[in-house]
>>> print(open('start-v2.pdb').read())   # PDB, C-alpha atoms
ATOM      1  CA  MET A   1      42.041 146.392  79.236
ATOM      2  CA  TYR A   2      45.405 144.667  78.964
ATOM      3  CA  GLY A   3      46.483 147.096  81.678
ATOM      4  CA  ALA A   4      43.745 145.895  84.024
ATOM      5  CA  ILE A   5      44.649 142.238  83.504
ATOM      6  CA  ALA A   6      48.383 142.762  84.040
ATOM      7  CA  GLY A   7      47.653 144.923  87.097
ATOM      8  CA  ASP A   8      45.495 142.180  88.561
ATOM      9  CA  ILE A   9      48.240 139.601  88.094
ATOM     10  CA  ILE A  10      50.964 141.872  89.513
ATOM     11  CA  GLY A  11      48.873 142.811  92.552
ATOM     12  CA  SER A  12      47.498 139.325  93.229
ATOM     13  CA  ARG A  13      50.256 138.059  95.526
ATOM     14  CA  PHE A  14      50.075 141.094  97.820
ATOM     15  CA  GLU A  15      46.322 141.136  98.511
ATOM     16  CA  PHE A  16      45.234 141.098 102.173
ATOM     17  CA  ASP A  17      48.457 142.845 103.205
ATOM     18  CA  ARG A  18      50.854 140.125 102.169
ATOM     19  CA  GLY A  19      53.312 142.833 101.077
ATOM     20  CA  ASP A  20      55.232 145.606 102.787
ATOM     21  CA  ARG A  21      53.319 148.574 101.288
ATOM     22  CA  THR A  22      56.339 149.571  99.246
ATOM     23  CA  LYS A  23      56.953 150.284  95.570
ATOM     24  CA  GLU A  24      60.086 148.148  95.609
ATOM     25  CA  PHE A  25      59.090 144.639  94.562
ATOM     26  CA  ALA A  26      59.483 142.258  91.645
ATOM     27  CA  LEU A  27      56.597 142.753  89.233
ATOM     28  CA  PHE A  28      56.144 139.040  88.634
ATOM     29  CA  ALA A  29      56.857 135.991  90.783
ATOM     30  CA  PRO A  30      55.678 132.373  90.863
ATOM     31  CA  ALA A  31      53.027 133.313  93.449
ATOM     32  CA  CYS A  32      51.269 135.629  90.974
ATOM     33  CA  SER A  33      47.998 134.525  89.405
ATOM     34  CA  PHE A  34      45.007 135.900  87.596
ATOM     35  CA  THR A  35      41.958 136.445  89.804
ATOM     36  CA  ASP A  36      38.265 137.182  89.446
ATOM     37  CA  ASP A  37      39.296 140.660  88.243
ATOM     38  CA  THR A  38      40.771 139.200  85.056
ATOM     39  CA  VAL A  39      37.948 136.718  84.551
ATOM     40  CA  MET A  40      35.260 139.389  84.834
ATOM     41  CA  THR A  41      37.239 141.885  82.718
ATOM     42  CA  LEU A  42      37.260 139.342  79.908
ATOM     43  CA  ALA A  43      33.564 138.599  80.456
ATOM     44  CA  VAL A  44      32.531 142.250  80.232
ATOM     45  CA  ALA A  45      34.724 142.760  77.180
ATOM     46  CA  GLU A  46      33.020 139.833  75.438
ATOM     47  CA  ALA A  47      29.591 141.180  76.414
ATOM     48  CA  LEU A  48      30.324 144.624  74.977
ATOM     49  CA  LEU A  49      31.828 143.196  71.793
ATOM     50  CA  LYS A  50      28.692 141.106  71.275
ATOM     51  CA  SER A  51      26.077 143.693  72.232
ATOM     52  CA  THR A  52      27.330 147.016  70.883
ATOM     53  CA  PRO A  53      27.916 148.271  67.330
ATOM     54  CA  TYR A  54      31.294 149.532  66.173
ATOM     55  CA  ARG A  55      32.118 152.671  68.168
ATOM     56  CA  GLY A  56      28.511 152.838  69.268
ATOM     57  CA  LYS A  57      27.326 153.969  65.850
ATOM     58  CA  GLY A  58      23.554 154.212  65.976
ATOM     59  CA  GLY A  59      23.478 154.300  69.771
ATOM     60  CA  LEU A  60      23.514 151.653  72.477
ATOM     61  CA  ASP A  61      20.851 149.274  73.725
ATOM     62  CA  GLU A  62      21.430 149.174  77.484
ATOM     63  CA  GLU A  63      19.059 146.270  77.979
ATOM     64  CA  GLU A  64      20.999 144.203  75.438
ATOM     65  CA  ILE A  65      24.268 145.117  77.157
ATOM     66  CA  ARG A  66      22.829 143.990  80.490
ATOM     67  CA  ARG A  67      21.605 140.690  79.038
ATOM     68  CA  GLU A  68      24.965 139.909  77.462
ATOM     69  CA  THR A  69      26.854 141.005  80.582
ATOM     70  CA  ILE A  70      24.866 138.611  82.755
ATOM     71  CA  ALA A  71      25.312 135.758  80.282
ATOM     72  CA  CYS A  72      29.027 136.316  79.755
ATOM     73  CA  MET A  73      29.851 136.836  83.424
ATOM     74  CA  ARG A  74      28.052 133.645  84.394
ATOM     75  CA  LYS A  75      29.706 131.742  81.529
ATOM     76  CA  TRP A  76      33.208 132.868  82.488
ATOM     77  CA  GLY A  77      32.473 132.436  86.185
ATOM     78  CA  HIS A  78      31.479 128.814  85.685
ATOM     79  CA  ARG A  79      34.609 128.307  83.604
ATOM     80  CA  TYR A  80      36.780 129.604  86.461
ATOM     81  CA  PRO A  81      34.818 128.977  89.668
ATOM     82  CA  ASP A  82      37.830 129.274  91.991
ATOM     83  CA  ALA A  83      39.068 132.708  90.923
ATOM     84  CA  GLY A  84      38.290 134.359  94.273
ATOM     85  CA  TYR A  85      34.790 135.844  94.034
ATOM     86  CA  GLY A  86      33.128 137.643  96.938
ATOM     87  CA  GLY A  87      30.258 135.892  98.720
ATOM     88  CA  ARG A  88      27.253 137.727  97.252
ATOM     89  CA  PHE A  89      28.746 137.756  93.792
ATOM     90  CA  TRP A  90      29.524 134.041  94.041
ATOM     91  CA  ARG A  91      25.861 133.343  94.805
ATOM     92  CA  TRP A  92      24.821 135.606  91.905
ATOM     93  CA  LEU A  93      27.108 133.645  89.567
ATOM     94  CA  PHE A  94      26.397 130.111  90.667
ATOM     95  CA  THR A  95      23.111 129.705  92.547
ATOM     96  CA  ALA A  96      20.675 132.393  91.411
ATOM     97  CA  ARG A  97      18.089 131.082  88.959
ATOM     98  CA  ASP A  98      17.213 134.602  87.881
ATOM     99  CA  PRO A  99      20.210 136.778  88.843
ATOM    100  CA  LYS A 100      19.233 140.251  90.001
ATOM    101  CA  PRO A 101      21.325 143.246  91.094
ATOM    102  CA  TYR A 102      21.902 143.443  94.821
ATOM    103  CA  SER A 103      22.716 147.114  95.407
ATOM    104  CA  SER A 104      26.442 146.555  95.757
ATOM    105  CA  TRP A 105      28.850 149.480  96.046
ATOM    106  CA  GLY A 106      31.885 147.195  95.860
ATOM    107  CA  ASN A 107      34.812 147.882  93.560
ATOM    108  CA  GLY A 108      33.968 144.955  91.275
ATOM    109  CA  SER A 109      31.992 147.228  88.972
ATOM    110  CA  ALA A 110      35.112 149.335  88.377
ATOM    111  CA  MET A 111      37.696 146.577  88.060
ATOM    112  CA  ARG A 112      35.818 144.793  85.247
ATOM    113  CA  VAL A 113      34.779 147.785  83.097
ATOM    114  CA  SER A 114      37.994 148.751  81.307
ATOM    115  CA  ALA A 115      36.958 147.535  77.847
ATOM    116  CA  ALA A 116      34.246 150.201  77.796
ATOM    117  CA  GLY A 117      36.929 152.881  77.873
ATOM    118  CA  TRP A 118      38.261 151.743  74.491
ATOM    119  CA  LEU A 119      35.237 150.732  72.439
ATOM    120  CA  PHE A 120      33.336 154.015  71.919
ATOM    121  CA  ASP A 121      33.897 157.407  70.343
ATOM    122  CA  THR A 122      32.360 159.659  73.003
ATOM    123  CA  VAL A 123      32.557 159.907  76.752
ATOM    124  CA  GLU A 124      28.757 159.841  76.884
ATOM    125  CA  LEU A 125      28.585 156.445  75.133
ATOM    126  CA  THR A 126      31.471 155.199  77.256
ATOM    127  CA  ARG A 127      29.643 156.080  80.461
ATOM    128  CA  GLN A 128      26.367 154.653  79.172
ATOM    129  CA  ALA A 129      28.010 151.306  78.443
ATOM    130  CA  ALA A 130      29.833 151.309  81.798
ATOM    131  CA  ARG A 131      26.587 152.048  83.618
ATOM    132  CA  ALA A 132      24.871 149.096  81.943
ATOM    133  CA  THR A 133      27.668 146.640  82.800
ATOM    134  CA  ALA A 134      27.657 147.738  86.439
ATOM    135  CA  ALA A 135      23.902 147.697  86.931
ATOM    136  CA  VAL A 136      23.499 143.918  86.604
ATOM    137  CA  THR A 137      24.991 143.560  90.104
ATOM    138  CA  HIS A 138      26.288 146.906  91.404
ATOM    139  CA  ASP A 139      23.170 149.042  91.005
ATOM    140  CA  HIS A 140      23.927 151.167  94.071
ATOM    141  CA  PRO A 141      24.764 154.747  92.949
ATOM    142  CA  GLU A 142      28.331 154.345  94.215
ATOM    143  CA  GLY A 143      28.779 151.114  92.274
ATOM    144  CA  ILE A 144      27.505 152.787  89.103
ATOM    145  CA  LYS A 145      29.693 155.844  89.713
ATOM    146  CA  GLY A 146      32.835 153.760  90.163
ATOM    147  CA  ALA A 147      32.334 152.004  86.838
ATOM    148  CA  GLU A 148      31.486 155.201  84.962
ATOM    149  CA  CYS A 149      34.468 157.050  86.412
ATOM    150  CA  THR A 150      36.953 154.311  85.558
ATOM    151  CA  ALA A 151      35.731 154.009  81.979
ATOM    152  CA  ALA A 152      35.604 157.789  81.494
ATOM    153  CA  VAL A 153      39.175 158.245  82.727
ATOM    154  CA  ILE A 154      40.399 155.568  80.307
ATOM    155  CA  PHE A 155      38.522 157.215  77.446
ATOM    156  CA  LEU A 156      39.829 160.688  78.222
ATOM    157  CA  ALA A 157      43.390 159.419  78.671
ATOM    158  CA  ARG A 158      43.462 157.485  75.409
ATOM    159  CA  THR A 159      42.046 160.450  73.496
ATOM    160  CA  GLY A 160      44.903 162.701  74.531
ATOM    161  CA  HIS A 161      43.590 164.670  77.493
ATOM    162  CA  SER A 162      46.079 165.797  80.115
ATOM    163  CA  LYS A 163      45.967 164.565  83.689
ATOM    164  CA  ALA A 164      44.957 168.066  84.780
ATOM    165  CA  VAL A 165      41.913 167.986  82.493
ATOM    166  CA  ILE A 166      41.029 164.442  83.558
ATOM    167  CA  ARG A 167      41.340 165.302  87.230
ATOM    168  CA  ALA A 168      39.083 168.336  86.822
ATOM    169  CA  TYR A 169      36.532 166.184  84.976
ATOM    170  CA  VAL A 170      36.575 163.535  87.718
ATOM    171  CA  GLU A 171      36.114 166.077  90.484
ATOM    172  CA  LEU A 172      33.290 167.856  88.634
ATOM    173  CA  GLU A 173      31.407 164.814  87.373
ATOM    174  CA  PHE A 174      31.955 162.285  90.149
ATOM    175  CA  GLY A 175      32.877 164.305  93.226
ATOM    176  CA  TYR A 176      35.659 162.051  94.514
ATOM    177  CA  ASP A 177      37.910 163.644  97.132
ATOM    178  CA  LEU A 178      41.407 163.617  95.649
ATOM    179  CA  SER A 179      43.005 165.875  98.249
ATOM    180  CA  GLU A 180      45.174 163.155  99.821
ATOM    181  CA  THR A 181      48.552 162.139  98.414
ATOM    182  CA  LEU A 182      49.722 158.557  98.078
ATOM    183  CA  ASP A 183      51.812 158.959 101.206
ATOM    184  CA  GLN A 184      48.770 160.126 103.148
ATOM    185  CA  LEU A 185      46.616 157.297 101.819
ATOM    186  CA  ARG A 186      49.316 154.795 102.693
ATOM    187  CA  ALA A 187      49.588 156.150 106.234
ATOM    188  CA  ARG A 188      45.903 155.615 106.976
ATOM    189  CA  HIS A 189      45.860 152.176 105.396
ATOM    190  CA  ALA A 190      42.802 149.927 105.618
ATOM    191  CA  HIS A 191      41.602 146.989 103.543
ATOM    192  CA  ASP A 192      38.427 148.333 101.965
ATOM    193  CA  GLU A 193      36.742 146.892  98.867
ATOM    194  CA  SER A 194      34.189 149.665  98.322
ATOM    195  CA  CYS A 195      34.150 151.950  95.311
ATOM    196  CA  MET A 196      34.128 154.916  97.699
ATOM    197  CA  ASP A 197      37.541 153.922  99.056
ATOM    198  CA  SER A 198      39.078 152.242  96.004
ATOM    199  CA  LEU A 199      38.437 154.890  93.360
ATOM    200  CA  PRO A 200      40.299 157.730  95.133
ATOM    201  CA  LYS A 201      43.209 155.346  95.759
ATOM    202  CA  ALA A 202      43.337 154.133  92.156
ATOM    203  CA  LEU A 203      42.898 157.651  90.792
ATOM    204  CA  THR A 204      45.692 159.031  92.977
ATOM    205  CA  SER A 205      47.946 156.148  91.916
ATOM    206  CA  PHE A 206      47.258 157.150  88.316
ATOM    207  CA  PHE A 207      47.646 160.891  88.783
ATOM    208  CA  GLU A 208      50.945 160.493  90.659
ATOM    209  CA  GLY A 209      52.251 157.768  88.326
ATOM    210  CA  LYS A 210      55.001 158.458  85.795
ATOM    211  CA  ASP A 211      54.153 155.599  83.433
ATOM    212  CA  TYR A 212      52.247 152.304  83.412
ATOM    213  CA  GLU A 213      54.669 150.429  85.660
ATOM    214  CA  ASP A 214      55.008 153.271  88.166
ATOM    215  CA  THR A 215      51.223 153.597  88.409
ATOM    216  CA  VAL A 216      50.795 149.902  89.198
ATOM    217  CA  ARG A 217      53.581 150.079  91.777
ATOM    218  CA  ASN A 218      51.787 153.039  93.363
ATOM    219  CA  ALA A 219      48.564 151.048  93.651
ATOM    220  CA  VAL A 220      50.212 147.936  95.077
ATOM    221  CA  SER A 221      52.115 150.028  97.631
ATOM    222  CA  LEU A 222      48.804 151.080  99.218
ATOM    223  CA  GLY A 223      48.184 147.536 100.472
ATOM    224  CA  GLY A 224      44.784 145.987 101.061
ATOM    225  CA  ASP A 225      42.894 145.017  97.914
ATOM    226  CA  THR A 226      46.033 145.253  95.808
ATOM    227  CA  ASP A 227      44.945 143.198  92.804
ATOM    228  CA  THR A 228      41.826 145.313  92.260
ATOM    229  CA  LEU A 229      43.551 148.635  92.963
ATOM    230  CA  ALA A 230      46.284 147.712  90.473
ATOM    231  CA  ALA A 231      43.707 146.548  87.919
ATOM    232  CA  ILE A 232      41.765 149.834  88.078
ATOM    233  CA  ALA A 233      44.822 152.095  88.200
ATOM    234  CA  GLY A 234      46.590 150.008  85.553
ATOM    235  CA  ALA A 235      43.627 150.315  83.210
ATOM    236  CA  MET A 236      43.710 154.105  83.602
ATOM    237  CA  ALA A 237      47.474 154.253  83.031
ATOM    238  CA  GLU A 238      47.165 152.112  79.918
ATOM    239  CA  GLY A 239      44.880 154.756  78.443
ATOM    240  CA  MET A 240      47.540 157.407  79.052
ATOM    241  CA  TYR A 241      50.757 155.515  78.266
ATOM    242  CA  GLY A 242      49.790 152.307  76.499
ATOM    243  CA  MET A 243      50.632 148.794  77.708
ATOM    244  CA  PRO A 244      54.383 148.041  77.709
ATOM    245  CA  GLU A 245      54.978 145.054  75.475
ATOM    246  CA  ASP A 246      57.529 143.454  77.798
ATOM    247  CA  ILE A 247      55.232 143.620  80.835
ATOM    248  CA  TRP A 248      52.351 142.159  78.852
ATOM    249  CA  ALA A 249      54.526 139.323  77.556
ATOM    250  CA  ARG A 250      55.385 138.382  81.146
ATOM    251  CA  ALA A 251      51.777 138.685  82.296
ATOM    252  CA  GLN A 252      50.589 136.338  79.552
ATOM    253  CA  ALA A 253      52.472 133.462  81.158
ATOM    254  CA  PHE A 254      49.914 133.534  84.009
ATOM    255  CA  LEU A 255      46.789 133.645  81.842
ATOM    256  CA  PRO A 256      44.452 130.810  80.878
ATOM    257  CA  ASN A 257      44.631 129.544  77.317
ATOM    258  CA  ASP A 258      41.164 130.709  76.274
ATOM    259  CA  GLU A 259      41.584 134.470  76.641
ATOM    260  CA  ASP A 260      43.116 134.891  73.184
ATOM    261  CA  ASN A 261      39.775 134.889  71.388
ATOM    262  CA  ILE A 262      38.410 137.816  73.412
ATOM    263  CA  LEU A 263      41.667 139.760  73.332
ATOM    264  CA  GLY A 264      41.986 139.183  69.601
ATOM    265  CA  ARG A 265      38.470 140.446  68.965
ATOM    266  CA  PHE A 266      39.112 143.441  71.219
ATOM    267  CA  THR A 267      42.297 144.308  69.316
ATOM    268  CA  HIS A 268      40.530 143.887  65.979
ATOM    269  CA  ARG A 269      37.748 146.253  67.070
ATOM    270  CA  THR A 270      40.017 148.902  68.620
ATOM    271  CA  GLY A 271      43.165 148.646  66.495
ATOM    272  CA  TYR A 272      45.219 148.668  69.691
ATOM    273  CA  TRP A 273      47.518 146.074  71.215
ATOM    274  CA  PRO A 274      50.373 146.130  73.738
ATOM    275  CA  GLY A 275      53.450 147.926  72.486
ATOM    276  CA  HIS A 276      51.516 149.727  69.732
ATOM    277  CA  PHE A 277      49.706 152.808  70.960
ATOM    278  CA  GLU A 278      49.087 156.391  70.002
ATOM    279  CA  HIS A 279      46.544 158.836  71.346
ATOM    280  CA  ARG A 280      43.472 159.139  69.168
ATOM    281  CA  PHE A 281      42.269 162.686  69.445
ATOM    282  CA  MET A 282      38.547 163.311  69.278
ATOM    283  CA  PRO A 283      36.676 166.577  68.677
ATOM    284  CA  GLU A 284      36.441 168.452  71.981
ATOM    285  CA  GLU A 285      32.652 168.355  72.036
ATOM    286  CA  HIS A 286      32.796 164.558  72.061
ATOM    287  CA  THR A 287      35.360 164.108  74.791
ATOM    288  CA  ALA A 288      35.540 166.077  78.020
ATOM    289  CA  GLY A 289      32.082 167.585  78.038
ATOM    290  CA  GLY A 290      29.662 166.790  80.837
ATOM    291  CA  SER A 291      26.930 164.201  80.643
ATOM    292  CA  GLU A 292      23.787 163.262  82.513
ATOM    293  CA  GLY A 293      24.514 159.807  83.971
TER     294      GLY A 293
END
>>> encode(input="start-v2.pdb", output="structure tokens")
Amino acid sequence: MYGAIAGDIIGSRFEFDRGDRTKEFALFAPACSFTDDTVMTLAVAEALLKSTPYRGKGGLDEEEIRRETIACMRKWGHRYPDAGYGGRFWRWLFTARDPKPYSSWGNGSAMRVSAAGWLFDTVELTRQAARATAAVTHDHPEGIKGAECTAAVIFLARTGHSKAVIRAYVELEFGYDLSETLDQLRARHAHDESCMDSLPKALTSFFEGKDYEDTVRNAVSLGGDTDTLAAIAGAMAEGMYGMPEDIWARAQAFLPNDEDNILGRFTHRTGYWPGHFEHRFMPEEHTAGGSEG
């Protein structure tokens, strides 16, 4: 999930078409900041660390995941109330006495889910956890699908599957249209914060990317919701390539001081941290097989 956080920070200053839809830009500048994408990524990570056993041993309690996700998202939201939340989500965070899902298909379910891609030993458990974190707000089928797809891609990438295998899995399991290239997506630019629009863009940024940095540059070059596109695509690329230590060190300068506890617990649970990564191969029957979901 380091890749999601750094992607958010890199893409933050270009959101709402404040860039030139190019890959040629400085990764970091004084105008960069963390946004709601980072805050909610940390919240979901804390919820999963608190509510799920190591690697999902013994199965997952989706109701417990949902309870912890609600509690952690509201806690972190109140800690950072000015991080740039959308209107309905802001009301869910701050004014709802009994927060309920509101059938959202927005890309928020996908941008916050990256921790799920690292914490479990099977793609089925990964998707189950992702589904539970999405459902507290984004219970529309497209919102659920966006979260499951993002987490599954991260899982498959970090367990050594090729991009060709991952692409085939995405097309079979989730049905996203990946026929357009980055150039074609860029040419028909529009600012769209739905999962239906954002996932194909983030996926194509990942599939055409050469490494973590190139993937994030791809996502930012599409314009529009650049922080979220870079967070989702960056999380996928991190699963494939790891998080470059130098990029993470520069991203940390923009982070709040209280993220270390969550990131430390995440690293302790996964054994992974920026600059130290190797693919962890899983038995084939536990990786790229289909699931119900």
>>> resolve_selection(input="start-v2.pdb", expression="the PyMOL selection byres ((chain A and resi 264) around 12)", output="mmCIF file with C-alpha atoms, in the frame of the given file")
data_model
loop_
_atom_site.group_PDB
_atom_site.id
_atom_site.type_symbol
_atom_site.label_atom_id
_atom_site.label_comp_id
_atom_site.auth_asym_id
_atom_site.auth_seq_id
_atom_site.Cartn_x
_atom_site.Cartn_y
_atom_site.Cartn_z
ATOM 1 C CA TYR A 2 45.405 144.667 78.964
ATOM 2 C CA LEU A 42 37.260 139.342 79.908
ATOM 3 C CA ALA A 45 34.724 142.760 77.180
ATOM 4 C CA GLU A 46 33.020 139.833 75.438
ATOM 5 C CA LEU A 49 31.828 143.196 71.793
ATOM 6 C CA ASP A 258 41.164 130.709 76.274
ATOM 7 C CA GLU A 259 41.584 134.470 76.641
ATOM 8 C CA ASP A 260 43.116 134.891 73.184
ATOM 9 C CA ASN A 261 39.775 134.889 71.388
ATOM 10 C CA ILE A 262 38.410 137.816 73.412
ATOM 11 C CA LEU A 263 41.667 139.760 73.332
ATOM 12 C CA ARG A 265 38.470 140.446 68.965
ATOM 13 C CA PHE A 266 39.112 143.441 71.219
ATOM 14 C CA THR A 267 42.297 144.308 69.316
ATOM 15 C CA HIS A 268 40.530 143.887 65.979
ATOM 16 C CA ARG A 269 37.748 146.253 67.070
ATOM 17 C CA THR A 270 40.017 148.902 68.620
ATOM 18 C CA GLY A 271 43.165 148.646 66.495
ATOM 19 C CA TYR A 272 45.219 148.668 69.691
ATOM 20 C CA TRP A 273 47.518 146.074 71.215
ATOM 21 C CA PRO A 274 50.373 146.130 73.738
#
>>> atom_distance(input="start-v2.pdb", atom1="atom CA of A:Ala129", atom2="atom CA of A:Thr41")
13.9 Å
>>> resolve_selection(input="start-v2.pdb", expression="the PyMOL selection byres ((chain A and resi 249) around 12)", output="NGL selection string")
:A and (2-3 or 5-6 or 28 or 243-248 or 250-255 or 273-275)
>>> closest_residue(input="start-v2.pdb", among="A:Thr137, A:Ser179, A:Thr204, A:Ser12", to="A:Trp90", atoms="all atoms listed in the file")
A:Thr137
>>> resolve_selection(input="start-v2.pdb", expression="the PyMOL selection byres ((chain A and resi 35-40) around 7)", output="mmCIF file with C-alpha atoms, keeping the file's coordinate frame")
data_model
loop_
_atom_site.group_PDB
_atom_site.id
_atom_site.type_symbol
_atom_site.label_atom_id
_atom_site.label_comp_id
_atom_site.auth_asym_id
_atom_site.auth_seq_id
_atom_site.Cartn_x
_atom_site.Cartn_y
_atom_site.Cartn_z
ATOM 1 C CA ILE A 5 44.649 142.238 83.504
ATOM 2 C CA ASP A 8 45.495 142.180 88.561
ATOM 3 C CA SER A 33 47.998 134.525 89.405
ATOM 4 C CA PHE A 34 45.007 135.900 87.596
ATOM 5 C CA THR A 41 37.239 141.885 82.718
ATOM 6 C CA LEU A 42 37.260 139.342 79.908
ATOM 7 C CA ALA A 43 33.564 138.599 80.456
ATOM 8 C CA VAL A 44 32.531 142.250 80.232
ATOM 9 C CA MET A 73 29.851 136.836 83.424
ATOM 10 C CA TRP A 76 33.208 132.868 82.488
ATOM 11 C CA ALA A 83 39.068 132.708 90.923
ATOM 12 C CA GLY A 84 38.290 134.359 94.273
ATOM 13 C CA TYR A 85 34.790 135.844 94.034
ATOM 14 C CA MET A 111 37.696 146.577 88.060
ATOM 15 C CA ARG A 112 35.818 144.793 85.247
ATOM 16 C CA THR A 228 41.826 145.313 92.260
#
>>> closest_residue(input="start-v2.pdb", among="A:Gly242, A:Pro200, A:Gly223, A:Gly106", to="A:Lys23", atoms="only C-alpha atoms")
A:Gly223
>>> closest_residue(input="start-v2.pdb", among="A:Arg97, A:Ala235, A:Glu171, A:Asp183", to="A:Ala147", atoms="only C-alpha atoms")
A:Ala235
>>> atom_distance(input="start-v2.pdb", atom1="atom CA of A:Pro101", atom2="atom CA of A:Val136")
5.0 Å
>>> closest_residue(input="start-v2.pdb", among="A:Glu15, A:Asp214, A:Asp121, A:Asp82", to="A:Leu27", atoms="all atoms listed in the file")
A:Asp214
>>> atom_distance(input="start-v2.pdb", atom1="atom CA of A:Glu62", atom2="atom CA of A:Gln128")
7.6 Å
>>> closest_residue(input="start-v2.pdb", among="A:Met196, A:Cys72, A:Val123, A:Val216", to="A:Leu178", atoms="only C-alpha atoms")
A:Met196
>>> closest_residue(input="start-v2.pdb", among="A:Glu68, A:Glu213, A:Glu193, A:Glu142", to="A:Phe174", atoms="all atoms listed in the file")
A:Glu142
>>> axis_aligned_box(input="start-v2.pdb", around="stretch 254-267 of chain A", padding_each_side="6 Å", output="AutoDock Vina command-line options")
--center_x 44.2 --center_y 136.9 --center_z 76.5 --size_x 23.5 --size_y 26.8 --size_z 27.0
>>> residues_around(input="start-v2.pdb", residues="A:Glu64", least_positions_apart="3", cutoff="12 Å", atoms="all atoms listed in the file", output="list in words")
Ala47, Leu48, Leu49, Lys50, Ser51, Thr52, Pro53, Gly59, Leu60, Asp61, Arg67, Glu68, Thr69, Ile70, Ala71, Ala129, Ala132, Thr133 and Val136 of chain A
>>> residues_around(input="start-v2.pdb", residues="A:Ala168", least_positions_apart="3", cutoff="12 Å", atoms="only C-alpha atoms", output="number ranges by chain")
A: 153, 156, 161-165, 171-178, 207, 288-290
>>> build_atoms(input="start-v2.pdb", residues="stretch 58-73 of chain A", atoms="N, CA and C atoms", output="mmCIF file, keeping the file's coordinate frame")
data_model
loop_
_atom_site.group_PDB
_atom_site.id
_atom_site.type_symbol
_atom_site.label_atom_id
_atom_site.label_comp_id
_atom_site.auth_asym_id
_atom_site.auth_seq_id
_atom_site.Cartn_x
_atom_site.Cartn_y
_atom_site.Cartn_z
ATOM 1 N N GLY A 58 24.980 154.498 65.903
ATOM 2 C CA GLY A 58 23.554 154.212 65.976
ATOM 3 C C GLY A 58 23.033 154.108 67.389
ATOM 4 N N GLY A 59 23.916 154.331 68.381
ATOM 5 C CA GLY A 59 23.478 154.300 69.771
ATOM 6 C C GLY A 59 23.614 152.933 70.405
ATOM 7 N N LEU A 60 23.356 152.885 71.710
ATOM 8 C CA LEU A 60 23.514 151.653 72.477
ATOM 9 C C LEU A 60 22.177 151.188 73.035
ATOM 10 N N ASP A 61 22.020 149.887 73.111
ATOM 11 C CA ASP A 61 20.851 149.274 73.725
ATOM 12 C C ASP A 61 21.281 148.768 75.104
ATOM 13 N N GLU A 62 20.965 149.540 76.149
ATOM 14 C CA GLU A 62 21.430 149.174 77.484
ATOM 15 C C GLU A 62 20.861 147.843 77.951
ATOM 16 N N GLU A 63 19.646 147.542 77.572
ATOM 17 C CA GLU A 63 19.059 146.270 77.979
ATOM 18 C C GLU A 63 19.820 145.109 77.361
ATOM 19 N N GLU A 64 20.217 145.249 76.089
ATOM 20 C CA GLU A 64 20.999 144.203 75.438
ATOM 21 C C GLU A 64 22.372 144.066 76.098
ATOM 22 N N ILE A 65 22.983 145.182 76.454
ATOM 23 C CA ILE A 65 24.268 145.117 77.157
ATOM 24 C C ILE A 65 24.102 144.364 78.477
ATOM 25 N N ARG A 66 23.041 144.669 79.212
ATOM 26 C CA ARG A 66 22.829 143.990 80.490
ATOM 27 C C ARG A 66 22.621 142.490 80.285
ATOM 28 N N ARG A 67 21.841 142.119 79.290
ATOM 29 C CA ARG A 67 21.605 140.690 79.038
ATOM 30 C C ARG A 67 22.910 139.967 78.733
ATOM 31 N N GLU A 68 23.707 140.550 77.838
ATOM 32 C CA GLU A 68 24.965 139.909 77.462
ATOM 33 C C GLU A 68 25.954 139.908 78.624
ATOM 34 N N THR A 69 25.949 140.960 79.439
ATOM 35 C CA THR A 69 26.854 141.005 80.582
ATOM 36 C C THR A 69 26.534 139.895 81.564
ATOM 37 N N ILE A 70 25.264 139.705 81.861
ATOM 38 C CA ILE A 70 24.866 138.611 82.755
ATOM 39 C C ILE A 70 25.301 137.271 82.177
ATOM 40 N N ALA A 71 24.997 137.045 80.901
ATOM 41 C CA ALA A 71 25.312 135.758 80.282
ATOM 42 C C ALA A 71 26.818 135.507 80.257
ATOM 43 N N CYS A 72 27.582 136.511 79.872
ATOM 44 C CA CYS A 72 29.027 136.316 79.755
ATOM 45 C C CYS A 72 29.690 136.185 81.126
ATOM 46 N N MET A 73 29.245 136.957 82.103
ATOM 47 C CA MET A 73 29.851 136.836 83.424
ATOM 48 C C MET A 73 29.563 135.465 84.027
#
